[in-house]
Amino acid sequence: MYINENSKVVVQGITGKQGTFHTKLMLDYGTKIVAGVTPDKGGLEVHKVPVFNTMKEAIKETDCDTSIVFVPAKFTYGAVKESILAGINMTVIITEDVPVFDMLRLFELSRRKNTHLIGPNCPGMMIPDKIKLGIMPADLCHFGNVAIISKSGTLSYEITKAIGNADIGVSAYIGIGGDPVRGITMKEATQYYVEDEQTKLIVLIGEIGSDEEEKTAKYLSDQSDKPVVAYIAGKSAPEGKRMGHAGAIISGDVGTAEGKIKALKNVGARIAFTPWEVPKLIKEVL
Amino acid sequence: MIEELVDIKHEYYVSVALDVSERKFYLIASIKGGIDIEEVSKKSPEDIFKISFSYSQGLTDEIAQEMAHKLGFNDKLEVSTVEILKKLWKVTKDLEAQLVEINPLILTPSGLIAVDAKMILDDDSAFRQPIVRDLKIKKETELEKIANEAGFSFVELDGDIGILANGAGLTMALLDVLSSMGLKPANFLDVGGGASKERVYKALELLFKLKPNGILINIFGGITRCDVVAKAIIQALEDFKNAPPIIIRLTGTNDKEGIELLKNDGINAYQEVMEAVNKLKEVLNE
C-alpha cells in the first residue's frame with residue numbers, strides 16, 4: 001500500500017531506544033532507510049544512517065518519501081505534521097497513546113495534502129521479502145497473494161506466522177492500529193487490496209469496538225467478490241471495559257464481536273474461531 | 001420540586017459525538033429526549049436529527065440554526081438553542097471529548113434548561129487535560145492504579161487464572177481461547193509495547209496479588225523483547241517464593257535468548273500458545 005521495495009525511508013525519532021533498535025532490524029530486512037530525524041541531533045549517524053534536524057533537510061539531502069515515527073506520544077503530533085507538510089507520501093505512526101484529537105487534526109491535514117497515514121499504535125506494514133516498515137518480527141512469512149489487515153499488532157504476528165508456517169504467501173501485511181481514530185481504516189485498506197491484482201484473498205483481523213468491521217462488511221457486499229477470511233478477538237470480553245486498546249470497548253450492543261462476526265459472515269466471509277484456524281480456512285479457498 | 005416538574009413543557013436530546021470510523025463529528029438532536037437515545041434510534045429513527053461536520057469546520061452558526069429549526073424552535077428559542085449547541089461544541093473541543101450529551105434538555109415557561117449531561121473523555125489526553133487526570137485517579141481500583149502507574153492495561157475479571165500477555169488483540173484472543181475451553185481468566189493484562197524489565201516485573205507482582213491458581217504468560221515479541229521479559233520472570237520468581245505455577249510462551253524478537261535465559265534457571269518456556277495452554281490445564285488439574 002503506497003510503498004514498495006524502492007521506498008526511501010526516513011525514521012523520525014531514530015536516536016531514541018526503539019528508533020535505533022528497529023532501524024537496525026529494518027535495515028537487516030533490506031528496507032532502504034536513507035535518513036533519520038531527531039531535532040538537535042543532526043550530524044550524528046545511527047547504524048550508518050545520517051541524522052538530520054528537520055524533515056525538510058532529510059528530504060533535500062536524501063529524497064526520502066516514506067516515514068516511520070517512533071517519537072513519544074506528546075511529540076507525535078508535531079512530528080507527523082512536519083512529515084506531512086514536508087511532502088512525505090506515507091507516514092507510519094508506531095507510537096502508542098496519541099491523543100484522539102491530535103489524530104483528528106493530523107487526519108484532516110493528511111487529506112488536505114493528499115498524503116497517507118497508518119496508525120497510530122500499530123506495528124506498521126510489510127511486503128514480505130521486499131520491505132519491512134514496522135516493528136513486526138521479520139521471519140513471519142514470505143511473499144505471495146494473501147493480504148492481511150489487522151487492528152491488533154501481536155495478534156496479527158500470531159496469525160501471520162501461522163499463515164507463513166502453512167506455506168501460504170503474503171502480498172502485504174498491514175497493521176492499521178488499535179486506536180479509535182486512525183489513518184487508514186479497515187475499510188480503506190480492504191478497498192485497496194480488493195483492487196490489488198497480486199492479492200487473491202484478504203484476511204481481516206478485527207476486535208471489539210467501533211463499527212469498522214461492519215462498515216468493511218458493507219463495502220464487501222457492495223463492491224467485491226474477493227474471498228475473505230476473518231478472525232475477531234474479544235468474544236469473551238465484558239461490556240463497558242476498555243480491553244487494552246483505546247478503541248476496544250463494547251458500549252451497549254455496539255462493537256460486540258458477535259455483531260462483527262455476523263456482519264462479515266452475512267457477506268460470505270469465512271470466520272475463524274481461533275487465530276490458528278485462519279490458514280486452514282485460506283486453504284479451503286486458494 | 002413538584003411545581004418544577006409540572007412546568008416541563010417538553011424534553012429534548014442534544015449531543016455532539018465523534019464518529020471514530022468516519023473521523024468526523026455529528027450534532028445529534030431529538031424531540032424525544034429524556035429517555036435512552038439508543039432506544040429512540042431503534043424504534044423511531046425518524047425522530048433523530050443528525051448533521052455532520054469536520055473538526056476544522058467546527059459546529060458553525062448555520063449548523064446550529066439548522067438544528068434549531070429541525071427541533072421546531074424559532075425566534076427567542078432559536079437564539080438560545082444556537083447558544084447551547086455552540087457551547088456543546090466548545091466543551092467538546094476544549095476538553096477533547098468524544099461525546100458531550102445533554103439529556104434531557106427541558107423546555108419550561110422560562111426557557112431551555114439542561115438537566116442532565118454525560119461526557120466521554122480521552123485517557124490519552126490526560127497529560128494536558130487536568131480533568132481527565134483527576135477523573136482517572138478517582139475511578140481506579142487499587143490494582144488498576146498500580147497498573148496505570150506502571151504503564152500497562154489491566155482489567156479485573158472473575159476467574160482464577162492470572163494472564164500476562166502483550167498486545168490487546170492477542171490478549172483478548174487468549175482469553176477467548178481459555179473461555180471456550182472452560183478455563184476462567186482472572187484478568188486482562190496487556191503489558192504494552194516495548195515493555196521494560198521493571199514493567200513486566202510489576203505486572204507479575206500485580207498478578208501475584210490476585211492470588212490466582214496459575215499464571216499464563218503469552219508474549220509475542222515485536223517491539224517487546226523476549227530476553228527482557230525472561231529476565232523479569234527470573235527476578236520475580238527469585239523474589240516471590242510462594243508464586244503460583246507459571247506457564248510461559250515466548251516467541252518473536254530475541255526469543256532464543258529469552259528461552260535460553262529461562263532454561264539456565266530451570267524454567268521451561270513454550271513457543272506455541274496451545275502447548276502452553278494445554279500445559280496450564282494439566283497443571284491446574286493436578
# chains A, B, ... in the order shown; residues from 1 in each chain; ligands from 1

$ residues_around --residues "stretch 175-181 of chain B" --least-positions-apart "4" --cutoff "8 Å" --atoms "only C-alpha atoms" --output "ChimeraX atom specification"
/A:233-237,274 /B:171,185,188,277

$ write_last_selection --atoms "C-alpha atoms" --output "mmCIF file, in the first residue's frame"
data_model
loop_
_atom_site.group_PDB
_atom_site.id
_atom_site.type_symbol
_atom_site.label_atom_id
_atom_site.label_comp_id
_atom_site.auth_asym_id
_atom_site.auth_seq_id
_atom_site.Cartn_x
_atom_site.Cartn_y
_atom_site.Cartn_z
ATOM 1 C CA ALA A 233 -10.951 -11.045 19.068
ATOM 2 C CA GLY A 234 -12.918 -10.267 22.212
ATOM 3 C CA LYS A 235 -15.726 -12.820 22.109
ATOM 4 C CA SER A 236 -15.442 -13.231 25.884
ATOM 5 C CA ALA A 237 -14.837 -9.539 26.680
ATOM 6 C CA THR A 274 -9.282 -19.361 16.858
ATOM 7 C CA THR B 171 -4.547 -10.913 24.995
ATOM 8 C CA PRO B 185 -9.161 -15.860 33.391
ATOM 9 C CA PHE B 188 -6.909 -8.957 31.212
ATOM 10 C CA VAL B 277 -2.469 -23.602 27.305
#

$ select_by_dssp --residues "stretch 23-238 of chain B" --states "strand (DSSP E)" --output "PyMOL selection string"
chain B and resi 24-30+48-53+99-108+111-114+117-120+153-156+161-165+187-190+214-221

$ atom_distance --atom1 "atom CA of B:Phe49" --atom2 "atom CA of B:Val14"
9.4 Å

$ closest_atom_pairs --of "chain A" --to "chain B" --cutoff "9 Å" --atoms "only C-alpha atoms" --output "JSON lines"
{"residue": "A:Gln18", "atom": "CA", "partner": "B:Ile223", "partner_atom": "CA", "distance": 7.5}
{"residue": "A:Phe21", "atom": "CA", "partner": "B:Ile223", "partner_atom": "CA", "distance": 8.9}
{"residue": "A:His22", "atom": "CA", "partner": "B:Ile223", "partner_atom": "CA", "distance": 7.9}
{"residue": "A:Ala73", "atom": "CA", "partner": "B:Asp124", "partner_atom": "CA", "distance": 8.7}
{"residue": "A:Lys74", "atom": "CA", "partner": "B:Phe127", "partner_atom": "CA", "distance": 8.1}
{"residue": "A:Glu96", "atom": "CA", "partner": "B:Gly193", "partner_atom": "CA", "distance": 8.1}
{"residue": "A:Asp97", "atom": "CA", "partner": "B:Asp124", "partner_atom": "CA", "distance": 5.3}
{"residue": "A:Val98", "atom": "CA", "partner": "B:Asp124", "partner_atom": "CA", "distance": 6.2}
{"residue": "A:Pro99", "atom": "CA", "partner": "B:Asp124", "partner_atom": "CA", "distance": 4.9}
{"residue": "A:Val100", "atom": "CA", "partner": "B:Asp122", "partner_atom": "CA", "distance": 6.9}
{"residue": "A:Phe101", "atom": "CA", "partner": "B:Glu96", "partner_atom": "CA", "distance": 6.2}
{"residue": "A:Leu104", "atom": "CA", "partner": "B:Arg23", "partner_atom": "CA", "distance": 6.6}
{"residue": "A:Arg105", "atom": "CA", "partner": "B:Tyr55", "partner_atom": "CA", "distance": 7.2}
{"residue": "A:Phe107", "atom": "CA", "partner": "B:Arg23", "partner_atom": "CA", "distance": 8.0}
{"residue": "A:Glu108", "atom": "CA", "partner": "B:Ser56", "partner_atom": "CA", "distance": 7.7}
{"residue": "A:Pro123", "atom": "CA", "partner": "B:Gly222", "partner_atom": "CA", "distance": 8.0}
{"residue": "A:Ile135", "atom": "CA", "partner": "B:Gly222", "partner_atom": "CA", "distance": 5.6}
{"residue": "A:Met136", "atom": "CA", "partner": "B:Gly222", "partner_atom": "CA", "distance": 4.9}
{"residue": "A:Pro137", "atom": "CA", "partner": "B:Gly222", "partner_atom": "CA", "distance": 5.3}
{"residue": "A:Ala138", "atom": "CA", "partner": "B:Thr253", "partner_atom": "CA", "distance": 8.6}
{"residue": "A:Asp139", "atom": "CA", "partner": "B:Gly252", "partner_atom": "CA", "distance": 8.8}
{"residue": "A:Lys151", "atom": "CA", "partner": "B:Gly169", "partner_atom": "CA", "distance": 7.8}
{"residue": "A:Ser152", "atom": "CA", "partner": "B:Gly169", "partner_atom": "CA", "distance": 5.1}
{"residue": "A:Gly153", "atom": "CA", "partner": "B:Gly167", "partner_atom": "CA", "distance": 6.3}
{"residue": "A:Thr154", "atom": "CA", "partner": "B:Gly167", "partner_atom": "CA", "distance": 5.3}
{"residue": "A:Leu155", "atom": "CA", "partner": "B:Leu170", "partner_atom": "CA", "distance": 4.2}
{"residue": "A:Ser156", "atom": "CA", "partner": "B:Leu170", "partner_atom": "CA", "distance": 7.9}
{"residue": "A:Tyr157", "atom": "CA", "partner": "B:Phe220", "partner_atom": "CA", "distance": 7.3}
{"residue": "A:Glu158", "atom": "CA", "partner": "B:Phe220", "partner_atom": "CA", "distance": 7.3}
{"residue": "A:Gly178", "atom": "CA", "partner": "B:Ala168", "partner_atom": "CA", "distance": 8.2}
{"residue": "A:Pro180", "atom": "CA", "partner": "B:Val20", "partner_atom": "CA", "distance": 5.6}
{"residue": "A:Val181", "atom": "CA", "partner": "B:Val20", "partner_atom": "CA", "distance": 5.2}
{"residue": "A:Arg182", "atom": "CA", "partner": "B:Ser21", "partner_atom": "CA", "distance": 8.0}
{"residue": "A:Thr185", "atom": "CA", "partner": "B:Ser21", "partner_atom": "CA", "distance": 7.1}
{"residue": "A:Ile205", "atom": "CA", "partner": "B:Gly169", "partner_atom": "CA", "distance": 8.9}
{"residue": "A:Gly206", "atom": "CA", "partner": "B:Gly169", "partner_atom": "CA", "distance": 8.2}
{"residue": "A:Glu207", "atom": "CA", "partner": "B:Gly169", "partner_atom": "CA", "distance": 6.6}
{"residue": "A:Ser210", "atom": "CA", "partner": "B:Ser21", "partner_atom": "CA", "distance": 6.9}
{"residue": "A:Asp211", "atom": "CA", "partner": "B:Ser21", "partner_atom": "CA", "distance": 6.9}
{"residue": "A:Glu212", "atom": "CA", "partner": "B:Ser21", "partner_atom": "CA", "distance": 6.1}
{"residue": "A:Lys215", "atom": "CA", "partner": "B:Ser21", "partner_atom": "CA", "distance": 8.7}
{"residue": "A:Ile232", "atom": "CA", "partner": "B:Ala173", "partner_atom": "CA", "distance": 8.1}
{"residue": "A:Ala233", "atom": "CA", "partner": "B:Ala173", "partner_atom": "CA", "distance": 5.0}
{"residue": "A:Gly234", "atom": "CA", "partner": "B:Met172", "partner_atom": "CA", "distance": 5.1}
{"residue": "A:Lys235", "atom": "CA", "partner": "B:Asp176", "partner_atom": "CA", "distance": 5.9}
{"residue": "A:Ser236", "atom": "CA", "partner": "B:Asp176", "partner_atom": "CA", "distance": 5.3}
{"residue": "A:Ala237", "atom": "CA", "partner": "B:Met172", "partner_atom": "CA", "distance": 7.2}
{"residue": "A:Pro238", "atom": "CA", "partner": "B:Leu157", "partner_atom": "CA", "distance": 8.5}
{"residue": "A:Lys241", "atom": "CA", "partner": "B:Val155", "partner_atom": "CA", "distance": 7.3}
{"residue": "A:Arg242", "atom": "CA", "partner": "B:Val155", "partner_atom": "CA", "distance": 7.9}
{"residue": "A:Met243", "atom": "CA", "partner": "B:Ala168", "partner_atom": "CA", "distance": 6.4}
{"residue": "A:Gly244", "atom": "CA", "partner": "B:Ala168", "partner_atom": "CA", "distance": 4.8}
{"residue": "A:His245", "atom": "CA", "partner": "B:Ala168", "partner_atom": "CA", "distance": 5.7}
{"residue": "A:Ala246", "atom": "CA", "partner": "B:Asp123", "partner_atom": "CA", "distance": 8.2}
{"residue": "A:Gly247", "atom": "CA", "partner": "B:Val20", "partner_atom": "CA", "distance": 8.9}
{"residue": "A:Ala248", "atom": "CA", "partner": "B:Ala168", "partner_atom": "CA", "distance": 8.2}
{"residue": "A:Gly252", "atom": "CA", "partner": "B:Glu38", "partner_atom": "CA", "distance": 8.8}
{"residue": "A:Phe273", "atom": "CA", "partner": "B:Val177", "partner_atom": "CA", "distance": 8.8}
{"residue": "A:Thr274", "atom": "CA", "partner": "B:Val177", "partner_atom": "CA", "distance": 6.9}
{"residue": "A:Pro275", "atom": "CA", "partner": "B:Ala173", "partner_atom": "CA", "distance": 7.4}

$ write_last_selection --atoms "C-alpha atoms" --output "compact mmCIF listing (two decimals), in the first residue's frame"
# COMPACT_ATOMS: atom_id res chain seq x y z
CA GLN A 18 13.09 1.99 19.99
CA PHE A 21 16.74 -0.79 17.71
CA HIS A 22 14.13 -1.09 14.97
CA ALA A 73 3.04 10.44 22.20
CA LYS A 74 3.34 14.06 23.37
CA GLU A 96 1.01 4.39 21.38
CA ASP A 97 -1.23 6.70 23.47
CA VAL A 98 -1.53 9.54 20.94
CA PRO A 99 -4.50 11.78 21.92
CA VAL A 100 -7.57 11.28 19.71
CA PHE A 101 -7.84 14.99 18.84
CA LEU A 104 -8.20 14.09 14.06
CA ARG A 105 -6.11 17.15 13.20
CA PHE A 107 -6.01 13.03 9.57
CA GLU A 108 -7.60 16.20 8.19
CA PRO A 123 3.02 -2.45 14.08
CA ILE A 135 8.22 -3.38 14.30
CA MET A 136 6.82 -6.80 13.40
CA PRO A 137 9.14 -9.81 13.64
CA ALA A 138 11.00 -10.29 10.33
CA ASP A 139 10.57 -14.01 9.77
CA LYS A 151 -6.32 -3.74 14.09
CA SER A 152 -4.07 -5.58 16.50
CA GLY A 153 -0.28 -5.90 16.49
CA THR A 154 0.75 -9.07 18.31
CA LEU A 155 -2.38 -10.97 17.32
CA SER A 156 -1.52 -10.32 13.70
CA TYR A 157 2.02 -11.65 14.32
CA GLU A 158 0.45 -14.82 15.64
CA GLY A 178 -5.90 -0.19 17.74
CA PRO A 180 -10.24 4.92 17.89
CA VAL A 181 -9.18 7.45 15.24
CA ARG A 182 -6.57 6.18 12.81
CA THR A 185 -9.20 2.38 8.20
CA ILE A 205 -8.16 -9.42 11.93
CA GLY A 206 -10.62 -7.39 13.94
CA GLU A 207 -11.54 -6.88 17.54
CA SER A 210 -16.13 0.76 16.76
CA ASP A 211 -18.05 -0.26 13.64
CA GLU A 212 -15.18 -0.66 11.18
CA LYS A 215 -18.51 -0.92 7.50
CA ILE A 232 -12.44 -11.28 15.57
CA ALA A 233 -10.95 -11.05 19.07
CA GLY A 234 -12.92 -10.27 22.21
CA LYS A 235 -15.73 -12.82 22.11
CA SER A 236 -15.44 -13.23 25.88
CA ALA A 237 -14.84 -9.54 26.68
CA PRO A 238 -17.19 -7.91 29.19
CA LYS A 241 -14.46 -2.37 29.81
CA ARG A 242 -11.64 -0.99 27.71
CA MET A 243 -9.59 -4.05 26.70
CA GLY A 244 -6.12 -2.57 26.28
CA HIS A 245 -6.60 -0.73 23.02
CA ALA A 246 -8.24 2.66 23.42
CA GLY A 247 -10.73 1.64 20.73
CA ALA A 248 -11.51 -1.81 22.09
CA GLY A 252 -24.35 -1.27 24.79
CA PHE A 273 -12.92 -19.47 15.69
CA THR A 274 -9.28 -19.36 16.86
CA PRO A 275 -6.29 -17.49 15.36

$ residues_around --residues "B:Lys279" --least-positions-apart "5" --cutoff "10 Å" --atoms "only C-alpha atoms" --output "list of chain:residue names"
B:Leu216, B:Ile247, B:Ile248, B:Tyr270, B:Val273, B:Met274, B:Leu284, B:Asn285

$ write_last_selection --atoms "N, CA and C atoms" --output "PDB file, in the first residue's frame"
ATOM      1  N   LEU B 216      -0.564 -17.618  33.272  1.00  0.00           N
ATOM      2  CA  LEU B 216      -0.167 -17.896  31.896  1.00  0.00           C
ATOM      3  C   LEU B 216       0.455 -16.637  31.297  1.00  0.00           C
ATOM      4  N   ILE B 247       3.139 -20.716  33.620  1.00  0.00           N
ATOM      5  CA  ILE B 247       3.369 -21.341  32.320  1.00  0.00           C
ATOM      6  C   ILE B 247       3.716 -20.227  31.331  1.00  0.00           C
ATOM      7  N   ILE B 248       4.797 -20.437  30.568  1.00  0.00           N
ATOM      8  CA  ILE B 248       5.309 -19.353  29.731  1.00  0.00           C
ATOM      9  C   ILE B 248       5.350 -19.732  28.261  1.00  0.00           C
ATOM     10  N   TYR B 270       7.489 -22.365  26.304  1.00  0.00           N
ATOM     11  CA  TYR B 270       6.996 -22.931  25.053  1.00  0.00           C
ATOM     12  C   TYR B 270       7.033 -21.878  23.957  1.00  0.00           C
ATOM     13  N   VAL B 273       1.414 -21.343  21.507  1.00  0.00           N
ATOM     14  CA  VAL B 273       0.408 -20.995  22.513  1.00  0.00           C
ATOM     15  C   VAL B 273      -0.323 -22.218  23.041  1.00  0.00           C
ATOM     16  N   MET B 274      -0.794 -23.070  22.121  1.00  0.00           N
ATOM     17  CA  MET B 274      -1.627 -24.176  22.560  1.00  0.00           C
ATOM     18  C   MET B 274      -0.853 -25.161  23.430  1.00  0.00           C
ATOM     19  N   LEU B 284      -3.337 -27.167  36.373  1.00  0.00           N
ATOM     20  CA  LEU B 284      -4.499 -26.797  37.187  1.00  0.00           C
ATOM     21  C   LEU B 284      -5.245 -28.029  37.665  1.00  0.00           C
ATOM     22  N   ASN B 285      -5.204 -29.112  36.863  1.00  0.00           N
ATOM     23  CA  ASN B 285      -5.911 -30.335  37.233  1.00  0.00           C
ATOM     24  C   ASN B 285      -5.184 -31.122  38.319  1.00  0.00           C
TER      25      ASN B 285
END

$ residues_around --residues "A:Asn145" --least-positions-apart "6" --cutoff "6 Å" --atoms "only C-alpha atoms" --output "PyMOL selection string"
chain A and resi 169-171+198-200

$ select_by_dssp --residues "stretch 9-252 of chain B" --states "alpha helix (DSSP H)" --output "MDAnalysis selection string"
chainID B and resid 37:43 61:70 75:95 130:139 142:150 168:180 197:209 226:239

$ closest_residue --among "A:Gly268, A:Pro120, A:Gly255, A:Gly240" --to "A:Lys226" --atoms "only C-alpha atoms"
A:Gly268

$ atom_distance --atom1 "atom CA of A:Val203" --atom2 "atom CA of B:Lys256"
29.0 Å

$ decode --residues "stretch 105-181 of chain A" --atoms "C-alpha atoms" --output "PDB file, in the first residue's frame"
ATOM      1  CA  ARG A 105      -6.110  17.149  13.196  1.00  0.00           C
ATOM      2  CA  LEU A 106      -3.448  15.029  11.514  1.00  0.00           C
ATOM      3  CA  PHE A 107      -6.012  13.032   9.574  1.00  0.00           C
ATOM      4  CA  GLU A 108      -7.601  16.195   8.185  1.00  0.00           C
ATOM      5  CA  LEU A 109      -4.214  17.662   7.315  1.00  0.00           C
ATOM      6  CA  SER A 110      -3.168  14.482   5.504  1.00  0.00           C
ATOM      7  CA  ARG A 111      -6.407  14.532   3.491  1.00  0.00           C
ATOM      8  CA  ARG A 112      -5.853  18.153   2.502  1.00  0.00           C
ATOM      9  CA  LYS A 113      -2.286  17.393   1.428  1.00  0.00           C
ATOM     10  CA  ASN A 114      -3.305  14.140  -0.239  1.00  0.00           C
ATOM     11  CA  THR A 115      -0.844  12.034   1.790  1.00  0.00           C
ATOM     12  CA  HIS A 116      -1.401   8.820   3.734  1.00  0.00           C
ATOM     13  CA  LEU A 117      -1.144   7.857   7.402  1.00  0.00           C
ATOM     14  CA  ILE A 118      -1.051   4.432   9.037  1.00  0.00           C
ATOM     15  CA  GLY A 119      -1.577   4.077  12.799  1.00  0.00           C
ATOM     16  CA  PRO A 120      -1.045   5.240  15.477  1.00  0.00           C
ATOM     17  CA  ASN A 121      -0.491   2.397  17.923  1.00  0.00           C
ATOM     18  CA  CYS A 122       0.257  -0.044  15.128  1.00  0.00           C
ATOM     19  CA  PRO A 123       3.025  -2.450  14.080  1.00  0.00           C
ATOM     20  CA  GLY A 124       3.388  -0.822  10.650  1.00  0.00           C
ATOM     21  CA  MET A 125       3.336  -2.708   7.383  1.00  0.00           C
ATOM     22  CA  MET A 126       5.405  -5.144   5.420  1.00  0.00           C
ATOM     23  CA  ILE A 127       5.603  -6.504   1.912  1.00  0.00           C
ATOM     24  CA  PRO A 128       7.332  -9.806   2.638  1.00  0.00           C
ATOM     25  CA  ASP A 129      10.822 -10.272   1.154  1.00  0.00           C
ATOM     26  CA  LYS A 130      10.695  -6.653  -0.115  1.00  0.00           C
ATOM     27  CA  ILE A 131      10.216  -4.073   2.615  1.00  0.00           C
ATOM     28  CA  LYS A 132       9.568  -4.076   6.349  1.00  0.00           C
ATOM     29  CA  LEU A 133       8.264  -0.725   7.514  1.00  0.00           C
ATOM     30  CA  GLY A 134       7.455  -1.516  11.113  1.00  0.00           C
ATOM     31  CA  ILE A 135       8.216  -3.381  14.297  1.00  0.00           C
ATOM     32  CA  MET A 136       6.816  -6.796  13.397  1.00  0.00           C
ATOM     33  CA  PRO A 137       9.143  -9.813  13.637  1.00  0.00           C
ATOM     34  CA  ALA A 138      10.997 -10.290  10.328  1.00  0.00           C
ATOM     35  CA  ASP A 139      10.571 -14.010   9.774  1.00  0.00           C
ATOM     36  CA  LEU A 140       6.788 -14.393   9.778  1.00  0.00           C
ATOM     37  CA  CYS A 141       6.102 -15.219   6.148  1.00  0.00           C
ATOM     38  CA  HIS A 142       7.170 -14.915   2.512  1.00  0.00           C
ATOM     39  CA  PHE A 143       5.742 -13.088  -0.475  1.00  0.00           C
ATOM     40  CA  GLY A 144       2.548 -14.394  -2.050  1.00  0.00           C
ATOM     41  CA  ASN A 145      -1.064 -13.453  -2.655  1.00  0.00           C
ATOM     42  CA  VAL A 146      -2.873 -13.104   0.665  1.00  0.00           C
ATOM     43  CA  ALA A 147      -3.264  -9.596   2.131  1.00  0.00           C
ATOM     44  CA  ILE A 148      -3.529  -9.344   5.928  1.00  0.00           C
ATOM     45  CA  ILE A 149      -5.229  -6.318   7.502  1.00  0.00           C
ATOM     46  CA  SER A 150      -5.254  -6.069  11.288  1.00  0.00           C
ATOM     47  CA  LYS A 151      -6.319  -3.736  14.092  1.00  0.00           C
ATOM     48  CA  SER A 152      -4.066  -5.584  16.501  1.00  0.00           C
ATOM     49  CA  GLY A 153      -0.281  -5.905  16.494  1.00  0.00           C
ATOM     50  CA  THR A 154       0.752  -9.065  18.307  1.00  0.00           C
ATOM     51  CA  LEU A 155      -2.383 -10.965  17.322  1.00  0.00           C
ATOM     52  CA  SER A 156      -1.522 -10.318  13.697  1.00  0.00           C
ATOM     53  CA  TYR A 157       2.020 -11.653  14.319  1.00  0.00           C
ATOM     54  CA  GLU A 158       0.447 -14.818  15.642  1.00  0.00           C
ATOM     55  CA  ILE A 159      -1.858 -15.238  12.650  1.00  0.00           C
ATOM     56  CA  THR A 160       0.717 -14.144  10.062  1.00  0.00           C
ATOM     57  CA  LYS A 161       3.185 -16.642  11.495  1.00  0.00           C
ATOM     58  CA  ALA A 162       0.583 -19.411  11.293  1.00  0.00           C
ATOM     59  CA  ILE A 163      -0.088 -18.411   7.672  1.00  0.00           C
ATOM     60  CA  GLY A 164       3.636 -18.430   6.893  1.00  0.00           C
ATOM     61  CA  ASN A 165       4.102 -21.792   8.615  1.00  0.00           C
ATOM     62  CA  ALA A 166       1.364 -23.203   6.377  1.00  0.00           C
ATOM     63  CA  ASP A 167       3.400 -22.144   3.324  1.00  0.00           C
ATOM     64  CA  ILE A 168       0.899 -19.514   2.309  1.00  0.00           C
ATOM     65  CA  GLY A 169       2.461 -16.367   0.827  1.00  0.00           C
ATOM     66  CA  VAL A 170       1.515 -12.835   1.777  1.00  0.00           C
ATOM     67  CA  SER A 171       1.149  -9.905  -0.651  1.00  0.00           C
ATOM     68  CA  ALA A 172       1.070  -7.336   2.137  1.00  0.00           C
ATOM     69  CA  TYR A 173       0.652  -7.281   5.863  1.00  0.00           C
ATOM     70  CA  ILE A 174      -0.706  -4.072   7.309  1.00  0.00           C
ATOM     71  CA  GLY A 175      -1.395  -3.201  10.944  1.00  0.00           C
ATOM     72  CA  ILE A 176      -3.841  -0.312  10.948  1.00  0.00           C
ATOM     73  CA  GLY A 177      -3.648   0.152  14.725  1.00  0.00           C
ATOM     74  CA  GLY A 178      -5.901  -0.186  17.738  1.00  0.00           C
ATOM     75  CA  ASP A 179      -6.775   3.451  18.445  1.00  0.00           C
ATOM     76  CA  PRO A 180     -10.242   4.921  17.889  1.00  0.00           C
ATOM     77  CA  VAL A 181      -9.179   7.446  15.239  1.00  0.00           C
TER      78      VAL A 181
END
